[in-house]
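Right, one structure below, let's go through it.
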Number of protein chains: 2
Amino acid sequence: MPLSYSERAKRSLNPMGRRLLHLMDEKQTNLSIAADVTTSHELLSIANELGPDICVLKTHIDIISDFTPSLTAKLREIADRHHFLIFEDRKFADIGNTVKWQYEGGIYRIASWADIINAHLVPGPGIIEGLREVGLPQEKGLLLLAEMSSKGTLASGAYTQKTVQAAEEYQDFCMGFIGLRKLSDNPSFVTMTPGVNLNESGDKLGQQYLTPRIVIEERGSDIIIVGRGIYASKDPKGEALKYRTEGWQAYLNRLKS
Amino acid sequence: MPLSYSERAKRSLNPMGRRLLHLMDEKQTNLSIAADVTTSHELLSIANELGPDICVLKTHIDIISDFTPSLTAKLREIADRHHFLIFEDRKFADIGNTVKWQYEGGIYRIASWADIINAHLVPGPGIIEGLREVGLPQEKGLLLLAEMSSKGTLASGAYTQKTVQAAEEYQDFCMGFIGLRKLSDNPSFVTMTPGVNLNESGDKLGQQYLTPRIVIEERGSDIIIVGRGIYASKDPKGEALKYRTEGWQAYLNRLKS
């Protein structure tokens, strides 16, 4: 019988994974918004308006054209107020020594405000070790990109399996995966699935969409990541509620199965 | 019989690939410096001091703690004066729609000052199409990461082969590879090899080193990327000359073979 998010939190060796799993059950949401916007104003508006409905806000800080450090300070304050986590979707993909600096330093100082980050395993396990040196003392969490939703992705088969194995080996820092389905029998890992949309079937640059029910109930993933389907709609708040309800119902159905 | 860089420039379908191959023969250098430094002052010092010896300056703009747009303007001016290209080692690794914004926008505006960028094929060919929408009209060049120098990298075997095939399909924008050896019989592709060092054997986060002779003469790569071995030495200018001479001699030996 499937375990609840809170029951799984008890199994997690990563503090951020525990926080997220508890938060989801408390707040009754497994919805994450992908805020793919290019101005501070839009990003803060999304965080303010949709914050009460989500467990995770996914950001791309490096596409914000008017970034200043006050943006991430404000974002942090909104996240704490509305009780959601911030996931900077940086997709780290370099050797350990470089990602350490990219995570901690530069003008973005990602480690100072993001709860969760992600990385590709393509450089080998040194990338986890580099990020871990920075993130572990601060009780941050890392998601490994085990699968992607884009057409022709090379993250499949043996690549995906090696990524899952690496997460098992670094469970103190790896809290789960970006993937299209449940990838491990270890209940502590959280799987977040991008490319979720109730309506569309894709974009012209290879993105392919799935529905919340397929993702959570059939495939056993944990969190639906929704982007343009919500924030680019005429009624973002109404759309967010629709996805939140669909995603949560799919989770409840899974628990009963 | 191996072709010279200039002869290969004639075969290239990518303007930046042609520029680079010509530049190397004219300037008689196949040395690239990896400027893995964290302040504007250090980055500009390296560009100024070592610019006359290199064909490409490899940057990580997102580890510079005091970045302002004037830094990249100054860097551009130095590159034009000392006749080298700027390669922002961003390792793009997201879906097409996202990398487009990461390349063109944000506060770094990479496309406005970097001649060359690189990307992992892990998201599928949409990543090339997204970057190409921005870079092609500006005659920029893309290197695909076909292999990496770090321990346990997943960029090998079928992954590497698929990356080489993708470059063949987008030759107007893909100018070559990051790799550890010549990966294609197409002479227009430029291969740049990281992790080159005359002395050391690695670092504690999985980086593994090779010598210029092995890389250029034995393995048929084109450009040696040297980082800490030069800029962290007591005499960076002297060390750069040593690597430049070694790298160029290895190229001349290869031409004679």
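How things are named: the first chain in the structure tokens is A, the next is B, and so on; residues count from 1 in each chain; ligands count from 1 in the order shown.
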
Residues of chain A within 8 Å of chain B, only C-alpha atoms counted, as a PyMOL selection string:
chain A and resi 36+38+61-67+91-98+101-102+105-108+121-127+129-130+148+150-155+159+205-207

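Residues of stretch 110-257 of chain B that DSSP, applied to the backbone, places in strand (DSSP E or B): Ile116, Ile117, Asn118, Ala119, Gly141, Leu142, Leu143, Leu144, Leu145, Ser150, Cys174, Met175, Gly176, Phe177, Ile178, Val190, Thr191, Met192, Thr193, Val196, Gly202, Gln207, Gln208, Leu210, Ile223, Ile224, Ile225 and Val226 of chain B.
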
### Message
as number ranges by chain, please: the residues near B:Ser257 (cut-off 9 Å, only C-alpha atoms, same-chain neighbours under 2 positions excluded).
### Response
B: 1-2, 252-255

At a cut-off of 9 Å, using only C-alpha atoms, what residues contact stretch 42-53 of chain A? Leave out same-chain residues fewer than 3 positions from it and give the result as a JSON list (two decimals) with N, CA, C and O atoms, in the first residue's frame.
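The result, written out as part20.json:
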[["chain", "number", "residue", "atom", "x", "y", "z"],
["A", 27, "LYS", "N", -0.08, 21.30, 3.79],
["A", 27, "LYS", "CA", -0.70, 22.34, 2.95],
["A", 27, "LYS", "C", -1.67, 21.72, 1.93],
["A", 27, "LYS", "O", -2.40, 22.44, 1.26],
["A", 28, "GLN", "N", -1.62, 20.40, 1.82],
["A", 28, "GLN", "CA", -2.45, 19.67, 0.86],
["A", 28, "GLN", "C", -2.27, 20.17, -0.57],
["A", 28, "GLN", "O", -3.23, 20.55, -1.25],
["A", 29, "THR", "N", -1.03, 20.20, -0.99],
["A", 29, "THR", "CA", -0.75, 20.55, -2.39],
["A", 29, "THR", "C", 0.51, 19.85, -2.86],
["A", 29, "THR", "O", 1.50, 19.75, -2.13],
["A", 30, "ASN", "N", 0.45, 19.36, -4.08],
["A", 30, "ASN", "CA", 1.64, 18.81, -4.74],
["A", 30, "ASN", "C", 1.91, 19.55, -6.05],
["A", 30, "ASN", "O", 2.47, 19.03, -6.99],
["A", 31, "LEU", "N", 1.49, 20.83, -6.03],
["A", 31, "LEU", "CA", 1.66, 21.68, -7.22],
["A", 31, "LEU", "C", 2.89, 22.56, -7.10],
["A", 31, "LEU", "O", 3.10, 23.22, -6.08],
["A", 32, "SER", "N", 3.70, 22.53, -8.14],
["A", 32, "SER", "CA", 4.83, 23.46, -8.23],
["A", 32, "SER", "C", 4.63, 24.34, -9.46],
["A", 32, "SER", "O", 4.25, 23.85, -10.52],
["A", 33, "ILE", "N", 4.87, 25.64, -9.28],
["A", 33, "ILE", "CA", 4.76, 26.56, -10.43],
["A", 33, "ILE", "C", 6.15, 26.80, -10.99],
["A", 33, "ILE", "O", 7.09, 27.10, -10.24],
["A", 35, "ALA", "N", 8.04, 29.37, -12.77],
["A", 35, "ALA", "CA", 7.88, 30.80, -13.06],
["A", 35, "ALA", "C", 8.89, 31.22, -14.13],
["A", 35, "ALA", "O", 9.92, 31.82, -13.85],
["A", 36, "ASP", "N", 8.56, 30.88, -15.37],
["A", 36, "ASP", "CA", 9.49, 31.17, -16.48],
["A", 36, "ASP", "C", 9.24, 32.58, -17.01],
["A", 36, "ASP", "O", 8.87, 32.76, -18.18],
["A", 37, "VAL", "N", 9.48, 33.55, -16.15],
["A", 37, "VAL", "CA", 9.23, 34.95, -16.52],
["A", 37, "VAL", "C", 10.55, 35.72, -16.48],
["A", 37, "VAL", "O", 11.54, 35.25, -15.90],
["A", 38, "THR", "N", 10.55, 36.90, -17.10],
["A", 38, "THR", "CA", 11.83, 37.58, -17.33],
["A", 38, "THR", "C", 11.97, 38.90, -16.57],
["A", 38, "THR", "O", 12.95, 39.61, -16.76],
["A", 39, "THR", "N", 11.01, 39.23, -15.70],
["A", 39, "THR", "CA", 11.16, 40.45, -14.90],
["A", 39, "THR", "C", 10.91, 40.15, -13.43],
["A", 39, "THR", "O", 10.15, 39.24, -13.08],
["A", 56, "VAL", "N", 6.13, 24.24, -4.05],
["A", 56, "VAL", "CA", 7.45, 24.67, -4.54],
["A", 56, "VAL", "C", 7.29, 25.71, -5.65],
["A", 56, "VAL", "O", 6.47, 25.53, -6.56],
["A", 57, "LEU", "N", 8.08, 26.77, -5.56],
["A", 57, "LEU", "CA", 8.18, 27.73, -6.67],
["A", 57, "LEU", "C", 9.48, 27.43, -7.42],
["A", 57, "LEU", "O", 10.55, 27.47, -6.82],
["A", 59, "THR", "N", 12.21, 28.48, -10.07],
["A", 59, "THR", "CA", 12.69, 29.74, -10.68],
["A", 59, "THR", "C", 13.81, 29.49, -11.69],
["A", 59, "THR", "O", 14.48, 28.46, -11.64],
["A", 64, "ILE", "N", 15.98, 36.59, -15.54],
["A", 64, "ILE", "CA", 15.39, 37.85, -15.06],
["A", 64, "ILE", "C", 16.28, 39.02, -15.50],
["A", 64, "ILE", "O", 17.43, 39.12, -15.11],
["A", 71, "LEU", "N", 15.77, 41.19, -5.08],
["A", 71, "LEU", "CA", 14.73, 40.30, -5.62],
["A", 71, "LEU", "C", 14.69, 38.98, -4.84],
["A", 71, "LEU", "O", 13.61, 38.53, -4.42],
["A", 74, "LYS", "N", 13.36, 39.43, -1.33],
["A", 74, "LYS", "CA", 11.89, 39.53, -1.31],
["A", 74, "LYS", "C", 11.25, 38.16, -1.54],
["A", 74, "LYS", "O", 10.26, 37.80, -0.90],
["A", 75, "LEU", "N", 11.82, 37.41, -2.47],
["A", 75, "LEU", "CA", 11.29, 36.08, -2.79],
["A", 75, "LEU", "C", 11.34, 35.19, -1.55],
["A", 75, "LEU", "O", 10.40, 34.45, -1.25],
["A", 78, "ILE", "N", 8.59, 36.13, 0.84],
["A", 78, "ILE", "CA", 7.28, 35.64, 0.38],
["A", 78, "ILE", "C", 7.16, 34.12, 0.61],
["A", 78, "ILE", "O", 6.12, 33.62, 1.03],
["A", 79, "ALA", "N", 8.26, 33.40, 0.32],
["A", 79, "ALA", "CA", 8.25, 31.94, 0.50],
["A", 79, "ALA", "C", 8.00, 31.59, 1.96],
["A", 79, "ALA", "O", 7.23, 30.67, 2.26],
["A", 81, "ARG", "N", 6.52, 33.46, 4.21],
["A", 81, "ARG", "CA", 5.17, 33.89, 4.58],
["A", 81, "ARG", "C", 4.11, 32.90, 4.07],
["A", 81, "ARG", "O", 3.21, 32.53, 4.81],
["A", 82, "HIS", "N", 4.24, 32.50, 2.79],
["A", 82, "HIS", "CA", 3.23, 31.61, 2.20],
["A", 82, "HIS", "C", 3.58, 30.13, 2.34],
["A", 82, "HIS", "O", 2.88, 29.27, 1.80],
["A", 83, "HIS", "N", 4.72, 29.85, 2.97],
["A", 83, "HIS", "CA", 5.02, 28.46, 3.31],
["A", 83, "HIS", "C", 5.21, 27.59, 2.06],
["A", 83, "HIS", "O", 4.51, 26.59, 1.87],
["A", 84, "PHE", "N", 6.12, 28.02, 1.18],
["A", 84, "PHE", "CA", 6.52, 27.15, 0.07],
["A", 84, "PHE", "C", 8.05, 27.16, -0.03],
["A", 84, "PHE", "O", 8.71, 28.03, 0.57],
["A", 231, "TYR", "N", 0.61, 30.34, -15.46],
["A", 231, "TYR", "CA", 0.92, 31.77, -15.36],
["A", 231, "TYR", "C", 0.60, 32.55, -16.64],
["A", 231, "TYR", "O", 0.42, 33.76, -16.61],
["A", 236, "PRO", "N", -4.78, 33.10, -13.76],
["A", 236, "PRO", "CA", -3.75, 32.24, -13.14],
["A", 236, "PRO", "C", -4.21, 31.61, -11.82],
["A", 236, "PRO", "O", -3.95, 30.42, -11.59],
["A", 237, "LYS", "N", -4.88, 32.40, -10.98],
["A", 237, "LYS", "CA", -5.32, 31.87, -9.68],
["A", 237, "LYS", "C", -6.32, 30.72, -9.87],
["A", 237, "LYS", "O", -6.21, 29.67, -9.23],
["A", 240, "ALA", "N", -4.48, 27.70, -11.29],
["A", 240, "ALA", "CA", -3.65, 27.07, -10.25],
["A", 240, "ALA", "C", -4.52, 26.17, -9.38],
["A", 240, "ALA", "O", -4.14, 25.04, -9.06],
["A", 241, "LEU", "N", -5.70, 26.69, -9.01],
["A", 241, "LEU", "CA", -6.62, 25.90, -8.18],
["A", 241, "LEU", "C", -7.05, 24.62, -8.89],
["A", 241, "LEU", "O", -7.15, 23.56, -8.27],
["A", 244, "ARG", "N", -4.09, 22.32, -8.77],
["A", 244, "ARG", "CA", -3.88, 21.90, -7.38],
["A", 244, "ARG", "C", -4.88, 20.80, -7.01],
["A", 244, "ARG", "O", -4.50, 19.77, -6.43]]

Quick one: DSSP helix (DSSP H, G or I) residues in stretch 67-101 of chain A, as a ChimeraX atom specification? /A:69-82,96-101

Only all heavy atoms, please: the residues just picked out, written as a compact mmCIF listing (two decimals), in the first residue's frame.
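Just written: part.txt:
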# COMPACT_ATOMS: atom_id res chain seq x y z
N PRO A 69 20.05 41.76 -5.93
CA PRO A 69 19.96 40.88 -4.76
C PRO A 69 18.68 41.10 -3.95
O PRO A 69 18.22 40.20 -3.24
CB PRO A 69 21.21 41.24 -3.95
CG PRO A 69 22.19 41.72 -4.98
CD PRO A 69 21.36 42.46 -5.99
N SER A 70 18.05 42.27 -4.08
CA SER A 70 16.83 42.50 -3.31
C SER A 70 15.68 41.62 -3.82
O SER A 70 14.75 41.31 -3.07
CB SER A 70 16.42 43.98 -3.33
OG SER A 70 15.66 44.27 -4.47
N LEU A 71 15.77 41.19 -5.08
CA LEU A 71 14.73 40.30 -5.62
C LEU A 71 14.69 38.98 -4.84
O LEU A 71 13.61 38.53 -4.42
CB LEU A 71 14.98 40.02 -7.10
CG LEU A 71 14.13 38.91 -7.73
CD1 LEU A 71 12.64 39.26 -7.69
CD2 LEU A 71 14.57 38.61 -9.15
N THR A 72 15.85 38.37 -4.65
CA THR A 72 15.86 37.08 -3.97
C THR A 72 15.55 37.23 -2.48
O THR A 72 14.97 36.33 -1.86
CB THR A 72 17.18 36.33 -4.21
OG1 THR A 72 18.27 37.24 -4.07
CG2 THR A 72 17.21 35.77 -5.63
N ALA A 73 15.90 38.39 -1.92
CA ALA A 73 15.53 38.65 -0.52
C ALA A 73 14.01 38.72 -0.39
O ALA A 73 13.42 38.12 0.52
CB ALA A 73 16.18 39.95 -0.03
N LYS A 74 13.36 39.43 -1.33
CA LYS A 74 11.89 39.53 -1.31
C LYS A 74 11.25 38.16 -1.54
O LYS A 74 10.26 37.80 -0.90
CB LYS A 74 11.41 40.50 -2.39
CG LYS A 74 11.58 41.96 -2.00
CD LYS A 74 11.12 42.88 -3.14
CE LYS A 74 11.70 44.27 -2.96
NZ LYS A 74 11.79 45.01 -4.25
N LEU A 75 11.82 37.41 -2.47
CA LEU A 75 11.29 36.08 -2.79
C LEU A 75 11.34 35.19 -1.55
O LEU A 75 10.40 34.45 -1.25
CB LEU A 75 12.15 35.50 -3.91
CG LEU A 75 11.51 34.47 -4.83
CD1 LEU A 75 10.27 35.04 -5.50
CD2 LEU A 75 12.53 34.07 -5.91
N ARG A 76 12.47 35.25 -0.85
CA ARG A 76 12.65 34.47 0.37
C ARG A 76 11.58 34.83 1.40
O ARG A 76 10.99 33.96 2.03
CB ARG A 76 14.06 34.78 0.90
CG ARG A 76 14.62 33.90 2.00
CD ARG A 76 14.85 32.49 1.59
NE ARG A 76 13.75 31.67 2.05
CZ ARG A 76 13.48 30.45 1.63
NH1 ARG A 76 14.26 29.87 0.75
NH2 ARG A 76 12.46 29.79 2.09
N GLU A 77 11.31 36.12 1.53
CA GLU A 77 10.33 36.60 2.51
C GLU A 77 8.93 36.08 2.14
O GLU A 77 8.18 35.61 3.00
CB GLU A 77 10.41 38.13 2.56
CG GLU A 77 9.58 38.80 3.64
CD GLU A 77 8.15 39.10 3.16
OE1 GLU A 77 7.98 39.52 1.99
OE2 GLU A 77 7.22 38.87 3.94
N ILE A 78 8.59 36.13 0.84
CA ILE A 78 7.28 35.64 0.38
C ILE A 78 7.16 34.12 0.61
O ILE A 78 6.12 33.62 1.03
CB ILE A 78 7.05 35.98 -1.12
CG1 ILE A 78 7.07 37.49 -1.33
CG2 ILE A 78 5.74 35.38 -1.62
CD1 ILE A 78 7.09 37.91 -2.80
N ALA A 79 8.26 33.40 0.32
CA ALA A 79 8.25 31.94 0.50
C ALA A 79 8.00 31.59 1.96
O ALA A 79 7.23 30.67 2.26
CB ALA A 79 9.58 31.35 0.02
N ASP A 80 8.65 32.31 2.86
CA ASP A 80 8.47 32.02 4.29
C ASP A 80 7.06 32.37 4.73
O ASP A 80 6.45 31.65 5.51
CB ASP A 80 9.52 32.78 5.12
CG ASP A 80 10.93 32.28 4.83
OD1 ASP A 80 11.06 31.14 4.31
OD2 ASP A 80 11.91 33.01 5.08
N ARG A 81 6.52 33.46 4.21
CA ARG A 81 5.17 33.89 4.58
C ARG A 81 4.11 32.90 4.07
O ARG A 81 3.21 32.53 4.81
CB ARG A 81 4.91 35.29 4.02
CG ARG A 81 3.53 35.87 4.34
CD ARG A 81 3.52 37.39 4.40
NE ARG A 81 4.38 38.01 3.40
CZ ARG A 81 3.98 38.36 2.15
NH1 ARG A 81 2.74 38.14 1.78
NH2 ARG A 81 4.82 38.92 1.30
N HIS A 82 4.24 32.50 2.79
CA HIS A 82 3.23 31.61 2.20
C HIS A 82 3.58 30.13 2.34
O HIS A 82 2.88 29.27 1.80
CB HIS A 82 2.99 31.94 0.73
CG HIS A 82 2.23 33.21 0.51
ND1 HIS A 82 1.10 33.53 1.22
CD2 HIS A 82 2.45 34.26 -0.34
CE1 HIS A 82 0.65 34.70 0.81
NE2 HIS A 82 1.45 35.17 -0.12
N GLY A 96 32.86 19.24 -10.35
CA GLY A 96 32.64 19.60 -8.95
C GLY A 96 33.20 20.94 -8.53
O GLY A 96 32.52 21.73 -7.86
N ASN A 97 34.42 21.22 -8.96
CA ASN A 97 35.08 22.43 -8.52
C ASN A 97 34.39 23.69 -9.06
O ASN A 97 34.38 24.73 -8.41
CB ASN A 97 36.54 22.41 -9.01
CG ASN A 97 37.42 23.30 -8.18
OD1 ASN A 97 37.49 23.14 -6.96
ND2 ASN A 97 38.06 24.25 -8.84
N THR A 98 33.80 23.59 -10.23
CA THR A 98 33.11 24.73 -10.86
C THR A 98 31.71 24.93 -10.28
O THR A 98 31.31 26.05 -9.96
CB THR A 98 33.06 24.53 -12.39
OG1 THR A 98 34.39 24.42 -12.87
CG2 THR A 98 32.36 25.70 -13.08
N VAL A 99 30.94 23.84 -10.16
CA VAL A 99 29.56 24.00 -9.66
C VAL A 99 29.54 24.52 -8.23
O VAL A 99 28.60 25.23 -7.84
CB VAL A 99 28.73 22.70 -9.75
CG1 VAL A 99 28.52 22.31 -11.20
CG2 VAL A 99 29.35 21.55 -8.95
N LYS A 100 30.56 24.22 -7.47
CA LYS A 100 30.68 24.73 -6.10
C LYS A 100 30.61 26.27 -6.11
O LYS A 100 29.87 26.88 -5.35
CB LYS A 100 32.03 24.28 -5.54
CG LYS A 100 32.09 23.97 -4.10
CD LYS A 100 33.42 23.32 -3.74
CE LYS A 100 34.63 24.16 -4.17
NZ LYS A 100 35.90 23.62 -3.62
N TRP A 101 31.41 26.86 -7.00
CA TRP A 101 31.40 28.32 -7.13
C TRP A 101 30.09 28.83 -7.72
O TRP A 101 29.58 29.87 -7.32
CB TRP A 101 32.56 28.78 -8.03
CG TRP A 101 33.90 28.66 -7.43
CD1 TRP A 101 34.24 28.84 -6.11
CD2 TRP A 101 35.13 28.34 -8.12
NE1 TRP A 101 35.60 28.64 -5.96
CE2 TRP A 101 36.16 28.36 -7.17
CE3 TRP A 101 35.45 28.09 -9.46
CZ2 TRP A 101 37.49 28.10 -7.50
CZ3 TRP A 101 36.76 27.84 -9.79
CH2 TRP A 101 37.77 27.84 -8.82

Q | B:Arg18, B:Arg181, B:Arg132, B:Lys234 ranked by distance to B:Gly220, top pick (using only C-alpha atoms) | A |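 Result for the nearest residue to B:Gly220: B:Arg181.
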
Exercise for the section: Please provide as a list in words all residues within 8 Å of A:Leu143, with the sequence filter that same-chain residues fewer than 4 positions apart are discarded (counting only C-alpha atoms). Expected result: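 Listed by chain and then number, they are Ile116, Ile117, Asn118, Ala119, Cys174, Met175, Gly176, Phe177 and Ile178 of chain A.
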
Kindly export the residues of the current selection with N, CA and C atoms, as a PDB file, in the first residue's frame.
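Heads up, here's the output in result09.pdb:
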ATOM      1  N   ILE A 116      16.183  24.330  -2.829  1.00  0.00           N
ATOM      2  CA  ILE A 116      16.415  23.148  -3.653  1.00  0.00           C
ATOM      3  C   ILE A 116      17.108  23.577  -4.940  1.00  0.00           C
ATOM      4  N   ILE A 117      18.036  22.753  -5.412  1.00  0.00           N
ATOM      5  CA  ILE A 117      18.649  22.958  -6.725  1.00  0.00           C
ATOM      6  C   ILE A 117      18.607  21.611  -7.454  1.00  0.00           C
ATOM      7  N   ASN A 118      19.001  21.625  -8.722  1.00  0.00           N
ATOM      8  CA  ASN A 118      19.072  20.359  -9.457  1.00  0.00           C
ATOM      9  C   ASN A 118      20.363  20.288 -10.273  1.00  0.00           C
ATOM     10  N   ALA A 119      20.682  19.073 -10.705  1.00  0.00           N
ATOM     11  CA  ALA A 119      21.919  18.870 -11.461  1.00  0.00           C
ATOM     12  C   ALA A 119      21.778  17.665 -12.383  1.00  0.00           C
ATOM     13  N   CYS A 174      20.984  14.245  -1.735  1.00  0.00           N
ATOM     14  CA  CYS A 174      20.037  14.036  -2.843  1.00  0.00           C
ATOM     15  C   CYS A 174      18.659  13.734  -2.274  1.00  0.00           C
ATOM     16  N   MET A 175      17.720  14.600  -2.502  1.00  0.00           N
ATOM     17  CA  MET A 175      16.369  14.410  -1.957  1.00  0.00           C
ATOM     18  C   MET A 175      15.423  13.786  -2.977  1.00  0.00           C
ATOM     19  N   GLY A 176      15.875  13.636  -4.220  1.00  0.00           N
ATOM     20  CA  GLY A 176      14.992  13.025  -5.206  1.00  0.00           C
ATOM     21  C   GLY A 176      15.385  13.346  -6.628  1.00  0.00           C
ATOM     22  N   PHE A 177      14.381  13.352  -7.502  1.00  0.00           N
ATOM     23  CA  PHE A 177      14.617  13.406  -8.943  1.00  0.00           C
ATOM     24  C   PHE A 177      13.711  14.378  -9.671  1.00  0.00           C
ATOM     25  N   ILE A 178      14.195  14.833 -10.793  1.00  0.00           N
ATOM     26  CA  ILE A 178      13.325  15.303 -11.860  1.00  0.00           C
ATOM     27  C   ILE A 178      13.142  14.081 -12.752  1.00  0.00           C
TER      28      ILE A 178
END

When you look at B:Arg213 with a cut-off of 7 Å (counting only C-alpha atoms), what residues show up, excluding the ones that are within fewer than 3 positions of it in the same chain? I need them as an NGL selection string. :B and (216-218 or 246-247 or 250)

query = Suppose you want the space between atom CA of A:Glu26 and atom CA of A:Ala232; what is it in Å?
reply =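 So the answer is 27.8 Å.
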